[in-house]
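**Q** File follows, structure17.csv with CSV, C-alpha atoms:
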```
chain,number,residue,atom,x,y,z
A,120,MET,CA,42.5,30.3,-8.9
A,121,LEU,CA,42.0,30.0,-12.6
A,122,VAL,CA,40.1,33.0,-13.9
A,123,LEU,CA,38.4,32.9,-17.3
A,124,THR,CA,36.4,35.6,-19.1
A,125,ARG,CA,33.2,34.3,-20.7
A,126,LYS,CA,30.3,35.9,-22.6
A,127,VAL,CA,26.6,35.0,-22.5
A,128,GLY,CA,26.1,31.7,-24.1
A,129,GLU,CA,29.7,30.6,-23.7
A,130,GLY,CA,30.6,27.8,-21.4
A,131,ILE,CA,33.3,26.0,-19.4
A,132,ILE,CA,34.0,22.3,-19.2
A,133,ILE,CA,35.4,20.9,-16.0
A,134,GLY,CA,36.7,17.3,-16.2
A,135,ASP,CA,34.7,14.8,-18.2
A,136,ASP,CA,31.2,15.4,-16.9
A,137,ILE,CA,30.7,19.0,-15.7
A,138,LYS,CA,29.6,21.8,-18.0
A,139,LEU,CA,28.9,25.4,-16.9
A,140,THR,CA,27.1,27.8,-19.2
A,141,ILE,CA,26.6,31.5,-18.7
A,142,VAL,CA,22.9,31.9,-19.3
A,143,GLU,CA,22.2,35.5,-18.6
A,144,ILE,CA,23.8,38.6,-17.1
A,145,LYS,CA,21.3,41.1,-15.7
A,146,GLY,CA,21.7,43.9,-13.2
A,147,GLY,CA,24.9,42.6,-11.6
A,148,ALA,CA,23.6,39.0,-11.3
A,149,ILE,CA,24.8,36.2,-13.5
A,150,ARG,CA,22.7,33.1,-14.2
A,151,ILE,CA,24.8,30.0,-14.6
A,152,GLY,CA,23.6,26.7,-16.0
A,153,ILE,CA,25.2,23.6,-14.6
A,154,ASP,CA,25.2,20.2,-16.3
A,155,ALA,CA,26.7,17.6,-13.9
A,156,PRO,CA,26.0,14.0,-12.8
A,157,ARG,CA,23.3,13.8,-10.1
A,158,SER,CA,25.8,12.4,-7.7
A,159,LYS,CA,27.7,15.7,-7.7
A,160,LYS,CA,26.5,17.9,-4.9
A,161,ILE,CA,26.0,21.5,-6.0
A,162,HIS,CA,25.1,24.2,-3.5
A,163,ARG,CA,25.1,27.9,-3.2
A,164,GLN,CA,28.2,28.8,-1.3
A,165,GLU,CA,26.5,30.9,1.4
A,166,VAL,CA,23.9,28.2,2.2
A,167,TYR,CA,26.6,25.5,2.4
A,168,ASP,CA,28.7,27.8,4.7
A,169,ARG,CA,25.8,28.4,7.0
A,170,ILE,CA,25.1,24.7,7.4
A,171,LEU,CA,28.7,24.0,8.0
A,172,GLU,CA,28.8,26.6,10.8
A,173,GLN,CA,25.5,25.3,12.2
A,174,ASN,CA,26.9,21.8,12.3
A,175,ARG,CA,30.0,22.9,14.1
A,176,ALA,CA,28.1,25.0,16.6
A,177,ALA,CA,25.8,22.1,17.3
A,178,THR,CA,28.7,20.1,18.7
A,179,SER,CA,28.8,22.3,21.9
A,180,TRP,CA,26.3,20.8,24.2
A,181,SER,CA,26.5,18.9,27.4
A,182,LEU,CA,24.9,15.8,28.9
A,183,ASP,CA,23.2,18.0,31.5
A,184,ASP,CA,21.6,19.9,28.6
A,185,LEU,CA,20.3,16.7,27.1
A,186,SER,CA,19.0,15.5,30.4
A,187,ALA,CA,17.2,18.8,31.2
A,188,LEU,CA,15.7,19.0,27.7
A,189,SER,CA,14.4,15.4,27.9
A,190,ASP,CA,12.4,16.4,31.0
A,191,ILE,CA,10.6,19.2,29.2
A,192,LEU,CA,10.2,17.9,25.6
A,193,PRO,CA,7.2,15.7,24.7
A,194,GLN,CA,7.9,12.0,24.5
A,195,SER,CA,9.0,10.4,21.3
A,196,LYS,CA,6.2,8.9,19.2
A,197,GLY,CA,7.9,5.5,19.4
A,198,ASP,CA,11.1,3.9,18.3
A,199,LYS,CA,12.0,3.4,14.8
B,164,MET,CA,33.4,-4.3,22.1
B,165,ASN,CA,35.6,-1.3,21.1
B,166,LYS,CA,36.4,1.7,23.2
B,167,ILE,CA,36.7,5.3,22.2
B,168,ALA,CA,37.3,8.6,24.0
B,169,SER,CA,34.6,11.3,24.0
B,170,ARG,CA,34.0,14.7,25.6
B,171,PHE,CA,31.9,12.8,28.1
B,172,GLY,CA,34.4,10.1,29.0
B,173,GLU,CA,35.1,6.7,27.5
B,174,ILE,CA,32.5,5.0,25.4
B,175,GLU,CA,32.2,1.3,24.7
B,176,TYR,CA,30.5,0.3,21.5
B,177,ASP,CA,29.8,-2.6,19.2
B,178,PRO,CA,31.7,-2.1,15.9
B,179,ALA,CA,29.0,-4.0,14.1
B,180,SER,CA,26.4,-1.3,14.9
B,181,VAL,CA,28.5,1.7,13.8
B,182,LEU,CA,26.6,4.2,11.7
B,183,THR,CA,28.5,5.1,8.6
B,184,PHE,CA,28.5,8.4,6.8
B,185,PRO,CA,30.2,7.6,3.4
B,186,GLU,CA,30.8,11.3,2.8
B,187,GLY,CA,30.9,12.5,6.4
B,188,LEU,CA,28.7,15.4,7.5
B,189,ILE,CA,28.9,18.9,6.2
B,190,GLY,CA,32.0,20.5,7.9
B,191,PHE,CA,33.1,17.1,9.1
B,192,GLU,CA,33.8,15.4,5.8
B,193,THR,CA,36.6,13.3,7.1
B,194,LEU,CA,34.6,11.7,9.9
B,195,ARG,CA,32.9,8.6,8.6
B,196,GLU,CA,32.0,6.5,11.6
B,197,PHE,CA,29.6,7.4,14.4
B,198,VAL,CA,28.2,5.5,17.4
B,199,VAL,CA,24.6,6.0,18.1
B,200,MET,CA,24.1,6.8,21.8
B,201,PRO,CA,20.7,6.4,23.4
B,202,ASN,CA,19.7,9.2,25.7
B,203,GLU,CA,19.6,8.1,29.3
B,204,LYS,CA,16.2,9.5,29.7
B,205,GLU,CA,13.1,8.9,27.7
B,206,GLY,CA,12.4,11.5,25.0
B,207,PRO,CA,12.9,12.4,21.4
B,208,LEU,CA,16.6,13.3,21.6
B,209,PHE,CA,19.5,11.0,21.1
B,210,TRP,CA,23.1,11.6,20.1
B,211,ILE,CA,25.9,10.4,17.8
B,212,GLN,CA,29.5,10.3,18.7
B,213,SER,CA,32.3,10.4,16.2
B,214,VAL,CA,34.6,7.3,16.4
B,215,GLU,CA,37.4,9.3,14.8
B,216,ASP,CA,37.2,12.6,16.7
B,217,PRO,CA,36.4,12.6,20.5
B,218,GLN,CA,35.3,16.2,20.3
B,219,VAL,CA,32.5,15.7,17.8
B,220,ALA,CA,29.2,14.6,19.0
B,221,LEU,CA,25.8,15.8,17.7
B,222,VAL,CA,22.3,15.7,19.2
B,223,LEU,CA,19.8,14.3,16.7
B,224,THR,CA,16.0,13.8,16.6
B,225,ASP,CA,13.3,12.5,14.4
B,226,PRO,CA,11.8,15.8,13.3
B,227,THR,CA,8.3,14.3,12.9
B,228,ASN,CA,8.1,14.3,16.7
B,229,PHE,CA,7.7,18.0,16.3
B,230,PHE,CA,6.7,18.6,12.7
B,231,PRO,CA,4.5,15.6,11.7
B,232,ASN,CA,4.3,16.8,8.0
B,233,TYR,CA,8.1,17.0,7.5
B,234,ILE,CA,9.0,14.5,4.8
B,235,VAL,CA,12.2,14.1,2.8
B,236,ALA,CA,12.5,11.5,0.1
B,237,PRO,CA,16.0,10.6,-1.1
B,238,GLU,CA,16.9,11.1,-4.7
B,239,GLU,CA,18.4,8.2,-6.7
B,240,GLY,CA,22.0,9.4,-6.3
B,241,GLU,CA,21.4,9.7,-2.5
B,242,ARG,CA,19.9,6.2,-2.3
B,243,ASP,CA,23.0,4.9,-4.0
B,244,LYS,CA,25.2,6.5,-1.4
B,245,ILE,CA,23.3,5.1,1.5
B,246,GLY,CA,23.0,1.7,0.0
B,247,ILE,CA,19.3,1.3,-0.6
B,248,ASP,CA,17.1,0.7,-3.7
B,249,ALA,CA,13.9,2.5,-4.5
B,250,ASP,CA,12.0,0.4,-2.0
B,251,GLY,CA,14.5,0.7,0.7
B,252,GLN,CA,13.5,2.3,4.0
B,253,CYS,CA,14.9,5.7,4.8
B,254,PHE,CA,14.2,8.1,7.6
B,255,ALA,CA,15.0,11.8,7.9
B,256,LEU,CA,16.8,12.8,11.1
B,257,VAL,CA,17.9,16.4,11.9
B,258,VAL,CA,20.7,18.0,13.9
B,259,VAL,CA,19.6,19.7,17.1
B,260,SER,CA,21.3,22.8,18.3
B,261,VAL,CA,21.2,23.7,22.0
B,262,SER,CA,21.7,27.3,23.0
B,263,GLN,CA,23.3,28.4,26.3
B,264,GLN,CA,19.7,29.1,27.5
B,265,ARG,CA,18.8,25.5,26.5
B,266,ASP,CA,16.5,26.7,23.7
B,267,ILE,CA,16.7,24.3,20.9
B,268,THR,CA,16.5,24.6,17.2
B,269,LEU,CA,16.3,22.0,14.5
B,270,ASN,CA,18.2,22.2,11.2
B,271,LEU,CA,15.3,21.3,8.9
B,272,ALA,CA,17.3,22.7,5.9
B,273,ALA,CA,19.9,20.0,6.1
B,274,PRO,CA,18.4,16.7,7.2
B,275,ILE,CA,20.3,13.4,7.7
B,276,LEU,CA,19.0,10.6,5.5
B,277,PHE,CA,19.3,7.3,7.4
B,278,ALA,CA,18.9,3.9,6.0
B,279,PRO,CA,18.4,1.3,8.7
B,280,GLU,CA,19.1,-1.7,6.5
B,281,SER,CA,22.6,-0.5,5.5
B,282,ASN,CA,23.3,1.5,8.7
B,283,LYS,CA,24.4,4.3,6.4
B,284,ALA,CA,23.5,8.0,6.5
B,285,MET,CA,24.2,11.2,4.7
B,286,GLN,CA,23.4,14.9,5.3
B,287,VAL,CA,21.7,16.6,2.4
B,288,ILE,CA,20.9,20.3,1.8
B,289,LEU,CA,17.3,21.1,0.7
B,290,ASP,CA,17.9,23.9,-1.7
B,291,ASN,CA,15.2,26.3,-2.4
B,292,SER,CA,13.2,25.0,0.5
B,293,GLU,CA,11.3,27.0,3.0
B,294,HIS,CA,12.9,25.1,5.8
B,295,GLN,CA,15.2,27.0,8.1
B,296,ILE,CA,18.7,26.1,9.4
B,297,GLN,CA,17.6,27.2,12.9
B,298,THR,CA,13.9,26.2,13.2
B,299,PRO,CA,12.5,26.8,16.6
B,300,LEU,CA,10.2,24.2,18.1
B,301,PRO,CA,6.5,24.7,17.4
B,302,VAL,CA,4.8,26.6,20.2
B,303,VAL,CA,2.8,24.3,22.4
B,304,LYS,CA,0.1,25.9,24.4
B,305,ASP,CA,0.3,25.2,28.1
B,306,VAL,CA,-2.8,23.1,28.7
B,307,ALA,CA,-2.9,23.6,32.4
B,308,ALA,CA,-2.7,27.4,32.0
B,309,VAL,CA,-5.5,27.4,29.5
B,310,ALA,CA,-7.7,25.4,31.7
B,311,GLU,CA,-7.5,27.9,34.6
```
Let's see the structure in the file written out as structure tokens.
**A**
Amino acid sequence: MLVLTRKVGEGIIIGDDIKLTIVEIKGGAIRIGIDAPRSKKIHRQEVYDRILEQNRAATSWSLDDLSALSDILPQSKGDK
Amino acid sequence: MNKIASRFGEIEYDPASVLTFPEGLIGFETLREFVVMPNEKEGPLFWIQSVEDPQVALVLTDPTNFFPNYIVAPEEGERDKIGIDADGQCFALVVVSVSQQRDITLNLAAPILFAPESNKAMQVILDNSEHQIQTPLPVVKDVAAVAE
């Protein structure tokens, strides 16, 4: 991993189209400004990780589960 | 018709009706093609099976079956990825998690945007939203019990 030391107001350029700026350091937290194309997905690491784990966990179900749940859940509003 | 293996046995599908995730799903970035499987019973749940990995199948639902006010509008970059313009039709679907006790939760924080006209979809993360990754179903009062 490349590690760089930056001060408030300084920045980092990644490739042609991503720019990070250190906006503020306060009480152990660092505010980072990110300029990037809208097509780049930017997420907080822990949120991304939790969704990844939830997706993986969601693959362990059975057809019996689906059948039993369909008996108790309300009917769909209609096909789309 | 093509055939693929799944956890539930062999599945026949029409390659023309495959649902494409150009960027995969979160945690399954390499899996791009899924077959949409209707549930055998009536109800709000259906499932998608990965063409590329027999082990990966997810239960999905239209969240407005349970949360009528849940609306997600795709941003421009997201519309590009699922191949629609600003007027294109787009539905939000969500991944359903089934616990061992068969309690289910909906991942309202990371919906799947689905464009019927292109048959493409992508999972997005709603940052800074109040939606939970494990949203329980709304409590429905038992009408029969109340009437007694």
**Q** Tell me, as a PyMOL selection string, which residues lie within 9 Å of range 293-295 of chain B, counting all atoms listed in the file; anything in the same chain fewer than 6 positions away does not count.
**A** chain B and resi 269-273
**Q** Considering only C-alpha atoms, tabulate each residue of chain A that lies at most 9 Å from chain B along with its nearest interatomic pair and the corresponding distance in Å to one decimal; arrange the rows by chain and ascending residue number and present them as a tab-separated table.
**A**
```
residue	atom	partner	partner_atom	distance
A:Pro156	CA	B:Gly240	CA	8.9
A:Arg157	CA	B:Gly240	CA	6.0
A:Ser158	CA	B:Gly240	CA	5.0
A:Lys159	CA	B:Gly240	CA	8.6
A:Lys160	CA	B:Val287	CA	8.8
A:His162	CA	B:Asp290	CA	7.4
A:Arg163	CA	B:Asp290	CA	8.4
A:Val166	CA	B:Asp290	CA	8.3
A:Tyr167	CA	B:Ile288	CA	7.7
A:Asp168	CA	B:Gly190	CA	8.6
A:Arg169	CA	B:Ile296	CA	7.8
A:Ile170	CA	B:Ile296	CA	6.8
A:Leu171	CA	B:Gly190	CA	4.8
A:Glu172	CA	B:Gly190	CA	7.5
A:Gln173	CA	B:Ile296	CA	7.4
A:Asn174	CA	B:Gly190	CA	6.9
A:Arg175	CA	B:Gly190	CA	6.9
A:Ala176	CA	B:Ser260	CA	7.3
A:Ala177	CA	B:Ser260	CA	4.7
A:Thr178	CA	B:Leu221	CA	5.3
A:Ser179	CA	B:Val261	CA	7.7
A:Trp180	CA	B:Val261	CA	6.3
A:Ser181	CA	B:Phe171	CA	8.2
A:Leu182	CA	B:Phe171	CA	7.7
A:Asp184	CA	B:Arg265	CA	6.6
A:Leu185	CA	B:Leu208	CA	7.4
A:Ser186	CA	B:Lys204	CA	6.7
A:Ala187	CA	B:Arg265	CA	8.3
A:Leu188	CA	B:Arg265	CA	7.3
A:Ser189	CA	B:Gly206	CA	5.3
A:Asp190	CA	B:Gly206	CA	7.7
A:Ile191	CA	B:Gly206	CA	9.0
A:Leu192	CA	B:Gly206	CA	6.8
A:Pro193	CA	B:Gly206	CA	6.7
A:Gln194	CA	B:Gly206	CA	4.6
A:Ser195	CA	B:Pro207	CA	4.4
A:Lys196	CA	B:Asn228	CA	6.2
A:Gly197	CA	B:Pro207	CA	8.8
A:Lys199	CA	B:Phe254	CA	8.9
```
**Q** Can you measure CA of Ile234 in chain B to CA of Ile153 in chain A for me? One decimal in Å is fine.
**A** 26.9 Å
**Q** Which residue gives the smallest distance to Ile211 in chain B among B:Glu192, B:Gly251, B:Ser169, B:Ala278, with all atoms listed in the file counted?
**A**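 Closest residue, counting all atoms listed in the file: B:Ser169.
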**Q** Could you please determine the separation between CA of Gln164 in chain A and CA of Pro226 in chain B in Å, to one decimal place?
**A**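 We find that CA of Gln164 in chain A and CA of Pro226 in chain B lie 25.5 Å from each other.
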**Q** What is the CA of Ala236 in chain B-CA of Pro299 in chain B distance in Å, reported with one decimal?
**A**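 For CA of Ala236 in chain B relative to CA of Pro299 in chain B, the distance reads 22.5 Å.
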**Q** Residues near Pro237 in chain B, anyone? I mean within 8 Å using all atoms listed in the file, not counting same-chain ones fewer than 4 positions away, as a list in words.
**A**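 These residues fall inside the cut-off: Glu241, Arg242, Cys253 and Leu276 of chain B.
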